[in-house]
Number of protein chains: 2
Amino acid sequence: MTTEKKDYTLSSVKNALRILRRFSMEESELKITDLAKDLDLGKSTVSRLMSTLASEGFVEKNPDNQRYRLGLSILSLASVCTSNFEIHKEAMPVLHSLVEKTGETSHLAILDGLDVIYLHKVESKHHVRAFTHIGKRNPAYATSSGKIMLAYNEEQFVDRTVERGFEQFTNNTITNRSQLLKALKEVRTKGYALSIEEIFEGVVSIAAPVRDYTGQVIASVNIVGPMQRLNERTIPVHTKKVVEAGKQISERLGYRSF
Amino acid sequence: MTTEKKDYTLSSVKNALRILRRFSMEESELKITDLAKDLDLGKSTVSRLMSTLASEGFVEKNPDNQRYRLGLSILSLASVCTSNFEIHKEAMPVLHSLVEKTGETSHLAILDGLDVIYLHKVESKHHVRAFTHIGKRNPAYATSSGKIMLAYNEEQFVDRTVERGFEQFTNNTITNRSQLLKALKEVRTKGYALSIEEIFEGVVSIAAPVRDYTGQVIASVNIVGPMQRLNERTIPVHTKKVVEAGKQISERLGYRSF
DNA sequence: ACCGATGTTCTTTTATGAGCAACAAATAAA
DNA sequence: TTTATTTGTTGCTCATAAAAGAACATCGGT
């Protein structure tokens, strides 16, 4: 009696989806040959997968360079996706006013596995090079939002983070268990999280928890900006505003703190 | 010798994509049985398609009600999709300032087939029931943005619109060729387009063209609001601002009008 | 606790998708 | 321009993966 349970995933569908996931901000146009190499499939297979994807509007061919890019069907679905999150709706006005008050870009993030995902982003007036975008994933341990989520959720996330291992993005990146535990403890006592050049050089972020009506931390608000503007002097005042924003969203979700 | 050319689209992939496209703002959570009925497939087939989609994060199961909804993989791809459009980046700040100046919600729209698709949306402060969202499709002939695109593009779009037929959304909806031609002519002479209760009762929109460096109209800016605020008195002043916004975006795209 | 409805698993058969190879098309090089 | 080289699409075949139906499990309601 072999214990292997049957795997009922459809390989062609899986391949099609893997193709879609290959598209990224950095590589937004892909060629058949490259995809075939990446996914270890035949050119013809990929070609046919692509025309199927194209027929439903999930990709389209750039007529100029023959390459494929994501199609508008994706766009139509994205709003449906975010609308699933009640937080999203409640958070938007708060994020906007946070940006007005601080002058920095703000995000609403949730935890997906061991990564944070940015559900929403409100840009500041400053033209800064964008490191994030809606839907972007970042490892939780390296971001302020992520540390919030790790700090206020089950310890098992810490274990799993350690298992997965740390990538050192900068000199300040947390790279082992004890550093992480210490950081999370600090988050819990202070009620907010900082990330000072822990993932990008010269970039600082400040995050605060968002709680649902049960008091559980389900999301995080943050602001992000360059060190020049987010420094020892300004961080304390901005932090207050971020924490306040977190509380406001939490209250809109039915959380009562007393 | 039958002239039918072979169809190389992969049916399982096609079914998976059709499933994804079934999700909408109105029906954001779907059940296996319903999907099976809708798509005329077996329950077991849909079940396996869904688990494959779920394994790649394109859908996820709502633990509360056993239903499926769109997953975060979709979200990650959406920004990649919009970033393909150079207009998007250039238009954003202009849309924001248009919203500030007019107090109404603003969209950037492009034409896809015979529909307009909203590439971007900036909400006004007013809490109005949302009729649109990023990625939403609307028939071109019934919207101000769409009329802009039809007015400044090849006549063939008009023919195809007539072929596809008109749906009467309201009393003011354009429902035949001559009405459409007259409306488009007016758009061309005035340089902007109005939609006064042509698609939703009580809703008015004003749109202006956006041109690329060749002078071709590739997109449209609009504002949307309720009749109470967008009326004979305010429309003229708002129109100027919308047209001005269109020009600004066009200039950012390298268009020079002289 | 029962019943009805919904989702998942199992197995079989047939249709289908993957791969190879040839062809077409586009790009680069000469 | 012509030639060479890379890249994408099509034809065809066979192994196999996908669809269907039925049985089993699970859930939700009464």
# chains A, B, ... in the order shown; residues from 1 in each chain; ligands from 1
>>> closest_atom_pairs(of="chain A", to="chain B", cutoff="8 Å", atoms="only C-alpha atoms", output="Markdown table")
| residue | atom | partner | partner_atom | distance |
| --- | --- | --- | --- | --- |
| A:Tyr8 | CA | B:Arg48 | CA | 6.3 |
| A:Thr9 | CA | B:Thr52 | CA | 5.0 |
| A:Leu10 | CA | B:Thr52 | CA | 6.3 |
| A:Ser12 | CA | B:Val13 | CA | 6.4 |
| A:Val13 | CA | B:Val13 | CA | 4.8 |
| A:Lys14 | CA | B:Thr52 | CA | 6.3 |
| A:Ala16 | CA | B:Val13 | CA | 6.9 |
| A:Leu17 | CA | B:Glu56 | CA | 6.8 |
| A:Arg18 | CA | B:Glu56 | CA | 7.4 |
| A:Leu20 | CA | B:Leu77 | CA | 7.9 |
| A:Arg21 | CA | B:Leu77 | CA | 7.3 |
| A:Phe23 | CA | B:Leu77 | CA | 7.2 |
| A:Ser24 | CA | B:Val80 | CA | 5.9 |
| A:Met25 | CA | B:Val80 | CA | 5.2 |
| A:Ser28 | CA | B:Val80 | CA | 6.4 |
| A:Arg48 | CA | B:Thr9 | CA | 6.4 |
| A:Leu49 | CA | B:Leu10 | CA | 6.9 |
| A:Ser51 | CA | B:Thr9 | CA | 6.7 |
| A:Thr52 | CA | B:Thr9 | CA | 5.0 |
| A:Leu53 | CA | B:Lys14 | CA | 7.4 |
| A:Glu56 | CA | B:Leu17 | CA | 6.8 |
| A:Arg69 | CA | B:Cys81 | CA | 7.6 |
| A:Leu70 | CA | B:Cys81 | CA | 5.4 |
| A:Gly71 | CA | B:Cys81 | CA | 6.6 |
| A:Leu72 | CA | B:Cys81 | CA | 7.2 |
| A:Ser73 | CA | B:Arg21 | CA | 7.5 |
| A:Ile74 | CA | B:Ala78 | CA | 5.9 |
| A:Leu75 | CA | B:Gly135 | CA | 4.8 |
| A:Ser76 | CA | B:Gly135 | CA | 3.8 |
| A:Leu77 | CA | B:Ile74 | CA | 7.0 |
| A:Ala78 | CA | B:Leu75 | CA | 5.2 |
| A:Ser79 | CA | B:Ile134 | CA | 6.3 |
| A:Val80 | CA | B:Met25 | CA | 5.1 |
| A:Cys81 | CA | B:Leu70 | CA | 5.4 |
| A:Thr82 | CA | B:Leu75 | CA | 7.5 |
| A:Ser83 | CA | B:Met25 | CA | 7.5 |
| A:Asn84 | CA | B:Ser28 | CA | 7.3 |
| A:His133 | CA | B:Ser79 | CA | 6.7 |
| A:Ile134 | CA | B:Ser79 | CA | 6.3 |
| A:Gly135 | CA | B:Ser76 | CA | 3.8 |
| A:Lys136 | CA | B:Ser76 | CA | 5.7 |
| A:Arg137 | CA | B:Ser76 | CA | 7.8 |
>>> write_last_selection(atoms="C-alpha atoms", output="PDB file, in the first residue's frame")
ATOM      1  CA  TYR A   8      -4.605  15.689  -9.713  1.00  0.00           C
ATOM      2  CA  THR A   9      -3.118  18.968 -10.824  1.00  0.00           C
ATOM      3  CA  LEU A  10      -3.435  19.557 -14.533  1.00  0.00           C
ATOM      4  CA  SER A  12      -0.922  22.149 -18.918  1.00  0.00           C
ATOM      5  CA  VAL A  13      -2.863  24.508 -16.712  1.00  0.00           C
ATOM      6  CA  LYS A  14      -0.068  24.562 -14.210  1.00  0.00           C
ATOM      7  CA  ALA A  16       0.178  28.207 -18.211  1.00  0.00           C
ATOM      8  CA  LEU A  17      -0.021  29.706 -14.745  1.00  0.00           C
ATOM      9  CA  ARG A  18       3.702  29.341 -14.203  1.00  0.00           C
ATOM     10  CA  LEU A  20       1.950  34.075 -16.170  1.00  0.00           C
ATOM     11  CA  ARG A  21       3.866  34.240 -12.925  1.00  0.00           C
ATOM     12  CA  PHE A  23       6.084  38.184 -15.758  1.00  0.00           C
ATOM     13  CA  SER A  24       7.379  40.780 -13.359  1.00  0.00           C
ATOM     14  CA  MET A  25       8.072  44.471 -13.081  1.00  0.00           C
ATOM     15  CA  SER A  28       7.487  42.565 -18.284  1.00  0.00           C
ATOM     16  CA  ARG A  48       0.562  26.925 -27.881  1.00  0.00           C
ATOM     17  CA  LEU A  49       0.163  27.813 -24.225  1.00  0.00           C
ATOM     18  CA  SER A  51      -1.787  31.509 -27.918  1.00  0.00           C
ATOM     19  CA  THR A  52      -4.327  30.037 -25.551  1.00  0.00           C
ATOM     20  CA  LEU A  53      -3.481  32.652 -22.956  1.00  0.00           C
ATOM     21  CA  GLU A  56      -8.509  34.798 -23.452  1.00  0.00           C
ATOM     22  CA  ARG A  69       3.283  40.857 -22.251  1.00  0.00           C
ATOM     23  CA  LEU A  70       0.411  40.604 -19.822  1.00  0.00           C
ATOM     24  CA  GLY A  71      -3.035  41.352 -21.181  1.00  0.00           C
ATOM     25  CA  LEU A  72      -5.960  43.317 -19.934  1.00  0.00           C
ATOM     26  CA  SER A  73      -7.864  40.347 -18.556  1.00  0.00           C
ATOM     27  CA  ILE A  74      -5.419  40.416 -15.677  1.00  0.00           C
ATOM     28  CA  LEU A  75      -6.285  44.010 -14.973  1.00  0.00           C
ATOM     29  CA  SER A  76      -9.993  43.315 -14.883  1.00  0.00           C
ATOM     30  CA  LEU A  77      -9.486  40.707 -12.202  1.00  0.00           C
ATOM     31  CA  ALA A  78      -7.201  42.680  -9.942  1.00  0.00           C
ATOM     32  CA  SER A  79      -9.870  44.981  -8.567  1.00  0.00           C
ATOM     33  CA  VAL A  80     -12.055  41.989  -7.886  1.00  0.00           C
ATOM     34  CA  CYS A  81      -9.197  40.533  -5.921  1.00  0.00           C
ATOM     35  CA  THR A  82      -8.609  43.559  -3.716  1.00  0.00           C
ATOM     36  CA  SER A  83     -12.310  44.047  -3.147  1.00  0.00           C
ATOM     37  CA  ASN A  84     -12.295  40.720  -1.313  1.00  0.00           C
ATOM     38  CA  HIS A 133       3.975  48.328  -6.079  1.00  0.00           C
ATOM     39  CA  ILE A 134       0.592  46.862  -5.348  1.00  0.00           C
ATOM     40  CA  GLY A 135       0.916  43.092  -5.302  1.00  0.00           C
ATOM     41  CA  LYS A 136       4.650  43.175  -4.643  1.00  0.00           C
ATOM     42  CA  ARG A 137       6.000  40.527  -2.273  1.00  0.00           C
TER      43      ARG A 137
END
>>> select_by_dssp(residues="range 69-201 of chain A", states="alpha helix (DSSP H)", output="PDB file with N, CA and C atoms, in the first residue's frame")
ATOM      1  N   LEU A  72      -5.044  42.537 -20.753  1.00  0.00           N
ATOM      2  CA  LEU A  72      -5.960  43.317 -19.934  1.00  0.00           C
ATOM      3  C   LEU A  72      -6.899  42.468 -19.082  1.00  0.00           C
ATOM      4  N   SER A  73      -7.019  41.199 -19.404  1.00  0.00           N
ATOM      5  CA  SER A  73      -7.864  40.347 -18.556  1.00  0.00           C
ATOM      6  C   SER A  73      -7.350  40.342 -17.121  1.00  0.00           C
ATOM      7  N   ILE A  74      -6.036  40.381 -17.006  1.00  0.00           N
ATOM      8  CA  ILE A  74      -5.419  40.416 -15.677  1.00  0.00           C
ATOM      9  C   ILE A  74      -5.918  41.637 -14.916  1.00  0.00           C
ATOM     10  N   LEU A  75      -5.910  42.752 -15.614  1.00  0.00           N
ATOM     11  CA  LEU A  75      -6.285  44.010 -14.973  1.00  0.00           C
ATOM     12  C   LEU A  75      -7.728  43.963 -14.465  1.00  0.00           C
ATOM     13  N   SER A  76      -8.586  43.376 -15.275  1.00  0.00           N
ATOM     14  CA  SER A  76      -9.993  43.315 -14.883  1.00  0.00           C
ATOM     15  C   SER A  76     -10.186  42.537 -13.596  1.00  0.00           C
ATOM     16  N   LEU A  77      -9.311  41.571 -13.368  1.00  0.00           N
ATOM     17  CA  LEU A  77      -9.486  40.707 -12.202  1.00  0.00           C
ATOM     18  C   LEU A  77      -8.891  41.304 -10.935  1.00  0.00           C
ATOM     19  N   ALA A  78      -7.933  42.197 -11.109  1.00  0.00           N
ATOM     20  CA  ALA A  78      -7.201  42.680  -9.942  1.00  0.00           C
ATOM     21  C   ALA A  78      -8.105  43.407  -8.952  1.00  0.00           C
ATOM     22  N   SER A  79      -8.997  44.241  -9.475  1.00  0.00           N
ATOM     23  CA  SER A  79      -9.870  44.981  -8.567  1.00  0.00           C
ATOM     24  C   SER A  79     -10.801  44.035  -7.827  1.00  0.00           C
ATOM     25  N   VAL A  80     -11.209  42.988  -8.524  1.00  0.00           N
ATOM     26  CA  VAL A  80     -12.055  41.989  -7.886  1.00  0.00           C
ATOM     27  C   VAL A  80     -11.305  41.373  -6.711  1.00  0.00           C
ATOM     28  N   CYS A  81     -10.038  41.142  -6.942  1.00  0.00           N
ATOM     29  CA  CYS A  81      -9.197  40.533  -5.921  1.00  0.00           C
ATOM     30  C   CYS A  81      -9.083  41.420  -4.681  1.00  0.00           C
ATOM     31  N   THR A  82      -8.769  42.684  -4.883  1.00  0.00           N
ATOM     32  CA  THR A  82      -8.609  43.559  -3.716  1.00  0.00           C
ATOM     33  C   THR A  82      -9.932  43.795  -3.010  1.00  0.00           C
ATOM     34  N   SER A  83     -11.021  43.785  -3.782  1.00  0.00           N
ATOM     35  CA  SER A  83     -12.310  44.047  -3.147  1.00  0.00           C
ATOM     36  C   SER A  83     -12.701  42.938  -2.179  1.00  0.00           C
ATOM     37  N   GLU A  86     -11.934  43.376   3.054  1.00  0.00           N
ATOM     38  CA  GLU A  86     -12.706  44.468   3.626  1.00  0.00           C
ATOM     39  C   GLU A  86     -11.767  45.602   4.050  1.00  0.00           C
ATOM     40  N   ILE A  87     -10.593  45.204   4.573  1.00  0.00           N
ATOM     41  CA  ILE A  87      -9.618  46.196   5.002  1.00  0.00           C
ATOM     42  C   ILE A  87      -9.352  47.226   3.932  1.00  0.00           C
ATOM     43  N   HIS A  88      -9.228  46.727   2.717  1.00  0.00           N
ATOM     44  CA  HIS A  88      -8.844  47.585   1.615  1.00  0.00           C
ATOM     45  C   HIS A  88      -9.716  48.827   1.551  1.00  0.00           C
ATOM     46  N   LYS A  89     -11.017  48.604   1.591  1.00  0.00           N
ATOM     47  CA  LYS A  89     -11.957  49.706   1.458  1.00  0.00           C
ATOM     48  C   LYS A  89     -11.808  50.687   2.633  1.00  0.00           C
ATOM     49  N   GLU A  90     -11.723  50.110   3.809  1.00  0.00           N
ATOM     50  CA  GLU A  90     -11.673  50.945   5.010  1.00  0.00           C
ATOM     51  C   GLU A  90     -10.359  51.710   5.109  1.00  0.00           C
ATOM     52  N   ALA A  91      -9.323  51.123   4.563  1.00  0.00           N
ATOM     53  CA  ALA A  91      -7.994  51.710   4.751  1.00  0.00           C
ATOM     54  C   ALA A  91      -7.714  52.870   3.806  1.00  0.00           C
ATOM     55  N   MET A  92      -8.351  52.849   2.649  1.00  0.00           N
ATOM     56  CA  MET A  92      -7.954  53.806   1.625  1.00  0.00           C
ATOM     57  C   MET A  92      -7.963  55.263   2.073  1.00  0.00           C
ATOM     58  N   PRO A  93      -9.072  55.744   2.605  1.00  0.00           N
ATOM     59  CA  PRO A  93      -9.058  57.154   3.016  1.00  0.00           C
ATOM     60  C   PRO A  93      -8.011  57.450   4.093  1.00  0.00           C
ATOM     61  N   VAL A  94      -7.815  56.485   4.967  1.00  0.00           N
ATOM     62  CA  VAL A  94      -6.818  56.691   6.027  1.00  0.00           C
ATOM     63  C   VAL A  94      -5.413  56.798   5.441  1.00  0.00           C
ATOM     64  N   LEU A  95      -5.127  55.930   4.477  1.00  0.00           N
ATOM     65  CA  LEU A  95      -3.817  56.001   3.827  1.00  0.00           C
ATOM     66  C   LEU A  95      -3.620  57.363   3.165  1.00  0.00           C
ATOM     67  N   HIS A  96      -4.638  57.808   2.479  1.00  0.00           N
ATOM     68  CA  HIS A  96      -4.524  59.101   1.811  1.00  0.00           C
ATOM     69  C   HIS A  96      -4.191  60.206   2.794  1.00  0.00           C
ATOM     70  N   SER A  97      -4.889  60.219   3.917  1.00  0.00           N
ATOM     71  CA  SER A  97      -4.629  61.324   4.840  1.00  0.00           C
ATOM     72  C   SER A  97      -3.277  61.143   5.511  1.00  0.00           C
ATOM     73  N   LEU A  98      -2.846  59.897   5.656  1.00  0.00           N
ATOM     74  CA  LEU A  98      -1.501  59.668   6.208  1.00  0.00           C
ATOM     75  C   LEU A  98      -0.430  60.235   5.277  1.00  0.00           C
ATOM     76  N   VAL A  99      -0.643  60.047   3.991  1.00  0.00           N
ATOM     77  CA  VAL A  99       0.304  60.578   3.014  1.00  0.00           C
ATOM     78  C   VAL A  99       0.317  62.104   3.058  1.00  0.00           C
ATOM     79  N   GLU A 100      -0.865  62.675   3.184  1.00  0.00           N
ATOM     80  CA  GLU A 100      -0.926  64.142   3.279  1.00  0.00           C
ATOM     81  C   GLU A 100      -0.184  64.659   4.498  1.00  0.00           C
ATOM     82  N   LYS A 101      -0.386  63.967   5.613  1.00  0.00           N
ATOM     83  CA  LYS A 101       0.223  64.424   6.867  1.00  0.00           C
ATOM     84  C   LYS A 101       1.732  64.242   6.895  1.00  0.00           C
ATOM     85  N   THR A 102       2.207  63.153   6.291  1.00  0.00           N
ATOM     86  CA  THR A 102       3.633  62.851   6.405  1.00  0.00           C
ATOM     87  C   THR A 102       4.425  63.216   5.154  1.00  0.00           C
ATOM     88  N   SER A 144       9.376  46.626   7.622  1.00  0.00           N
ATOM     89  CA  SER A 144       8.713  47.059   8.848  1.00  0.00           C
ATOM     90  C   SER A 144       7.323  46.437   8.937  1.00  0.00           C
ATOM     91  N   SER A 145       6.594  46.429   7.826  1.00  0.00           N
ATOM     92  CA  SER A 145       5.263  45.823   7.822  1.00  0.00           C
ATOM     93  C   SER A 145       5.340  44.356   8.201  1.00  0.00           C
ATOM     94  N   GLY A 146       6.319  43.681   7.649  1.00  0.00           N
ATOM     95  CA  GLY A 146       6.464  42.254   7.917  1.00  0.00           C
ATOM     96  C   GLY A 146       6.747  41.995   9.379  1.00  0.00           C
ATOM     97  N   LYS A 147       7.595  42.812   9.962  1.00  0.00           N
ATOM     98  CA  LYS A 147       7.919  42.598  11.372  1.00  0.00           C
ATOM     99  C   LYS A 147       6.684  42.788  12.242  1.00  0.00           C
ATOM    100  N   ILE A 148       5.834  43.742  11.864  1.00  0.00           N
ATOM    101  CA  ILE A 148       4.574  43.900  12.590  1.00  0.00           C
ATOM    102  C   ILE A 148       3.787  42.600  12.557  1.00  0.00           C
ATOM    103  N   MET A 149       3.646  42.047  11.362  1.00  0.00           N
ATOM    104  CA  MET A 149       2.836  40.843  11.215  1.00  0.00           C
ATOM    105  C   MET A 149       3.443  39.666  11.978  1.00  0.00           C
ATOM    106  N   LEU A 150       4.751  39.536  11.916  1.00  0.00           N
ATOM    107  CA  LEU A 150       5.415  38.440  12.626  1.00  0.00           C
ATOM    108  C   LEU A 150       5.305  38.629  14.136  1.00  0.00           C
ATOM    109  N   ALA A 151       5.435  39.875  14.564  1.00  0.00           N
ATOM    110  CA  ALA A 151       5.439  40.145  15.999  1.00  0.00           C
ATOM    111  C   ALA A 151       4.107  39.794  16.648  1.00  0.00           C
ATOM    112  N   GLN A 156       5.134  30.342  15.262  1.00  0.00           N
ATOM    113  CA  GLN A 156       5.528  29.408  14.201  1.00  0.00           C
ATOM    114  C   GLN A 156       6.055  30.115  12.962  1.00  0.00           C
ATOM    115  N   PHE A 157       5.594  31.330  12.735  1.00  0.00           N
ATOM    116  CA  PHE A 157       6.085  32.070  11.586  1.00  0.00           C
ATOM    117  C   PHE A 157       7.582  32.344  11.709  1.00  0.00           C
ATOM    118  N   VAL A 158       8.012  32.565  12.951  1.00  0.00           N
ATOM    119  CA  VAL A 158       9.436  32.788  13.185  1.00  0.00           C
ATOM    120  C   VAL A 158      10.212  31.521  12.831  1.00  0.00           C
ATOM    121  N   ASP A 159       9.740  30.394  13.334  1.00  0.00           N
ATOM    122  CA  ASP A 159      10.413  29.133  13.033  1.00  0.00           C
ATOM    123  C   ASP A 159      10.510  28.914  11.528  1.00  0.00           C
ATOM    124  N   ARG A 160       9.405  29.125  10.871  1.00  0.00           N
ATOM    125  CA  ARG A 160       9.403  28.876   9.433  1.00  0.00           C
ATOM    126  C   ARG A 160      10.325  29.846   8.700  1.00  0.00           C
ATOM    127  N   THR A 161      10.372  31.100   9.193  1.00  0.00           N
ATOM    128  CA  THR A 161      11.296  32.058   8.598  1.00  0.00           C
ATOM    129  C   THR A 161      12.732  31.574   8.734  1.00  0.00           C
ATOM    130  N   VAL A 162      13.067  31.094   9.923  1.00  0.00           N
ATOM    131  CA  VAL A 162      14.427  30.594  10.155  1.00  0.00           C
ATOM    132  C   VAL A 162      14.701  29.412   9.230  1.00  0.00           C
ATOM    133  N   GLU A 163      13.731  28.520   9.116  1.00  0.00           N
ATOM    134  CA  GLU A 163      13.881  27.369   8.219  1.00  0.00           C
ATOM    135  C   GLU A 163      14.159  27.794   6.790  1.00  0.00           C
ATOM    136  N   ARG A 164      13.384  28.752   6.336  1.00  0.00           N
ATOM    137  CA  ARG A 164      13.545  29.180   4.950  1.00  0.00           C
ATOM    138  C   ARG A 164      14.884  29.868   4.741  1.00  0.00           C
ATOM    139  N   ARG A 177      18.009  34.009  13.823  1.00  0.00           N
ATOM    140  CA  ARG A 177      16.869  33.882  14.710  1.00  0.00           C
ATOM    141  C   ARG A 177      16.906  34.866  15.876  1.00  0.00           C
ATOM    142  N   SER A 178      18.045  34.979  16.523  1.00  0.00           N
ATOM    143  CA  SER A 178      18.074  35.794  17.743  1.00  0.00           C
ATOM    144  C   SER A 178      17.853  37.272  17.421  1.00  0.00           C
ATOM    145  N   GLN A 179      18.431  37.723  16.330  1.00  0.00           N
ATOM    146  CA  GLN A 179      18.177  39.108  15.904  1.00  0.00           C
ATOM    147  C   GLN A 179      16.693  39.330  15.655  1.00  0.00           C
ATOM    148  N   LEU A 180      16.097  38.345  15.000  1.00  0.00           N
ATOM    149  CA  LEU A 180      14.687  38.487  14.666  1.00  0.00           C
ATOM    150  C   LEU A 180      13.827  38.523  15.927  1.00  0.00           C
ATOM    151  N   LEU A 181      14.094  37.591  16.843  1.00  0.00           N
ATOM    152  CA  LEU A 181      13.304  37.539  18.080  1.00  0.00           C
ATOM    153  C   LEU A 181      13.437  38.842  18.855  1.00  0.00           C
ATOM    154  N   LYS A 182      14.643  39.346  18.900  1.00  0.00           N
ATOM    155  CA  LYS A 182      14.876  40.594  19.624  1.00  0.00           C
ATOM    156  C   LYS A 182      14.089  41.735  18.970  1.00  0.00           C
ATOM    157  N   ALA A 183      14.140  41.777  17.653  1.00  0.00           N
ATOM    158  CA  ALA A 183      13.436  42.836  16.927  1.00  0.00           C
ATOM    159  C   ALA A 183      11.933  42.747  17.160  1.00  0.00           C
ATOM    160  N   LEU A 184      11.406  41.535  17.133  1.00  0.00           N
ATOM    161  CA  LEU A 184       9.959  41.356  17.285  1.00  0.00           C
ATOM    162  C   LEU A 184       9.512  41.738  18.695  1.00  0.00           C
ATOM    163  N   LYS A 185      10.368  41.404  19.687  1.00  0.00           N
ATOM    164  CA  LYS A 185      10.057  41.765  21.070  1.00  0.00           C
ATOM    165  C   LYS A 185       9.951  43.289  21.185  1.00  0.00           C
ATOM    166  N   GLU A 186      10.898  43.959  20.552  1.00  0.00           N
ATOM    167  CA  GLU A 186      10.913  45.409  20.585  1.00  0.00           C
ATOM    168  C   GLU A 186       9.645  45.975  19.937  1.00  0.00           C
ATOM    169  N   VAL A 187       9.260  45.351  18.841  1.00  0.00           N
ATOM    170  CA  VAL A 187       8.033  45.789  18.164  1.00  0.00           C
ATOM    171  C   VAL A 187       6.860  45.702  19.123  1.00  0.00           C
ATOM    172  N   ARG A 188       6.771  44.578  19.822  1.00  0.00           N
ATOM    173  CA  ARG A 188       5.626  44.381  20.722  1.00  0.00           C
ATOM    174  C   ARG A 188       5.610  45.403  21.854  1.00  0.00           C
ATOM    175  N   THR A 189       6.775  45.735  22.388  1.00  0.00           N
ATOM    176  CA  THR A 189       6.775  46.699  23.492  1.00  0.00           C
ATOM    177  C   THR A 189       6.480  48.109  22.989  1.00  0.00           C
ATOM    178  N   LYS A 190       6.993  48.416  21.808  1.00  0.00           N
ATOM    179  CA  LYS A 190       6.817  49.787  21.317  1.00  0.00           C
ATOM    180  C   LYS A 190       5.509  49.990  20.571  1.00  0.00           C
TER     181      LYS A 190
END
>>> residues_around(residues="Thr143 in chain A", least_positions_apart="3", cutoff="9 Å", atoms="only C-alpha atoms (C1' of nucleotides)", output="PyMOL selection string")
chain A and resi 116+138-140+146-148+193-196+198-199+205-207
>>> write_last_selection(atoms="N, CA and C atoms", output="tab-separated table (two decimals), in the first residue's frame")
chain	number	residue	atom	x	y	z
A	116	VAL	N	5.30	39.63	2.98
A	116	VAL	CA	4.27	40.65	2.99
A	116	VAL	C	3.88	40.93	1.56
A	138	ASN	N	7.51	40.96	-0.46
A	138	ASN	CA	8.83	41.11	0.15
A	138	ASN	C	8.90	40.17	1.34
A	139	PRO	N	10.08	39.64	1.64
A	139	PRO	CA	10.19	38.78	2.82
A	139	PRO	C	9.85	39.55	4.09
A	140	ALA	N	9.04	38.95	4.93
A	140	ALA	CA	8.52	39.66	6.10
A	140	ALA	C	9.64	40.16	7.01
A	146	GLY	N	6.32	43.68	7.65
A	146	GLY	CA	6.46	42.25	7.92
A	146	GLY	C	6.75	41.99	9.38
A	147	LYS	N	7.59	42.81	9.96
A	147	LYS	CA	7.92	42.60	11.37
A	147	LYS	C	6.68	42.79	12.24
A	148	ILE	N	5.83	43.74	11.86
A	148	ILE	CA	4.57	43.90	12.59
A	148	ILE	C	3.79	42.60	12.56
A	193	ALA	N	6.94	49.30	14.19
A	193	ALA	CA	8.17	48.69	13.69
A	193	ALA	C	8.90	49.63	12.76
A	194	LEU	N	10.23	49.58	12.83
A	194	LEU	CA	11.05	50.35	11.91
A	194	LEU	C	11.85	49.40	11.02
A	195	SER	N	12.14	49.86	9.84
A	195	SER	CA	13.13	49.16	9.03
A	195	SER	C	14.05	50.21	8.47
A	196	ILE	N	15.24	50.28	9.03
A	196	ILE	CA	16.19	51.30	8.61
A	196	ILE	C	17.25	50.66	7.74
A	198	GLU	N	17.07	48.08	5.93
A	198	GLU	CA	17.19	46.64	6.12
A	198	GLU	C	16.95	45.88	4.84
A	199	ILE	N	16.37	46.55	3.88
A	199	ILE	CA	16.12	45.85	2.61
A	199	ILE	C	16.64	46.63	1.41
A	205	SER	N	11.47	52.65	6.59
A	205	SER	CA	10.01	52.55	6.68
A	205	SER	C	9.57	52.39	8.13
A	206	ILE	N	8.34	52.83	8.35
A	206	ILE	CA	7.74	52.78	9.68
A	206	ILE	C	6.38	52.12	9.54
A	207	ALA	N	6.11	51.10	10.36
A	207	ALA	CA	4.84	50.37	10.23
A	207	ALA	C	4.13	50.23	11.55
>>> closest_residue(among="C:DA15, C:DA26, C:DC3, C:DA21", to="chain B", atoms="only C-alpha atoms (C1' of nucleotides)")
C:DA15
>>> interface_residues(of="chain C", to="chain A", cutoff="10 Å", atoms="only C-alpha atoms (C1' of nucleotides)", output="PyMOL selection string")
chain C and resi 9-10+17-20+26
>>> select_by_dssp(residues="range 97-128 of chain B", states="strand (DSSP E or B)", output="PyMOL selection string")
chain B and resi 105-112+115-122
>>> residues_around(residues="DT26 in chain D", least_positions_apart="3", cutoff="9 Å", atoms="only C-alpha atoms (C1' of nucleotides)", output="number ranges by chain")
C: 6-8
>>> interface_residues(of="chain D", to="chain B", cutoff="9 Å", atoms="only C-alpha atoms (C1' of nucleotides)", output="list in words")
DA18, DA19, DA20, DG21 and DC27 of chain D
>>> atom_distance(atom1="CA of Glu60 in chain B", atom2="CA of Leu30 in chain B")
10.7 Å
>>> residues_around(residues="Arg229 in chain A", least_positions_apart="3", cutoff="12 Å", atoms="only C-alpha atoms (C1' of nucleotides)", output="number ranges by chain")
A: 102-105, 126, 128, 202-205, 223-226, 232-235, 237-238
>>> closest_residue(among="D:DA23, D:DA17, D:DT7, D:DT1", to="DT13 in chain C", atoms="only C-alpha atoms (C1' of nucleotides)")
D:DA17
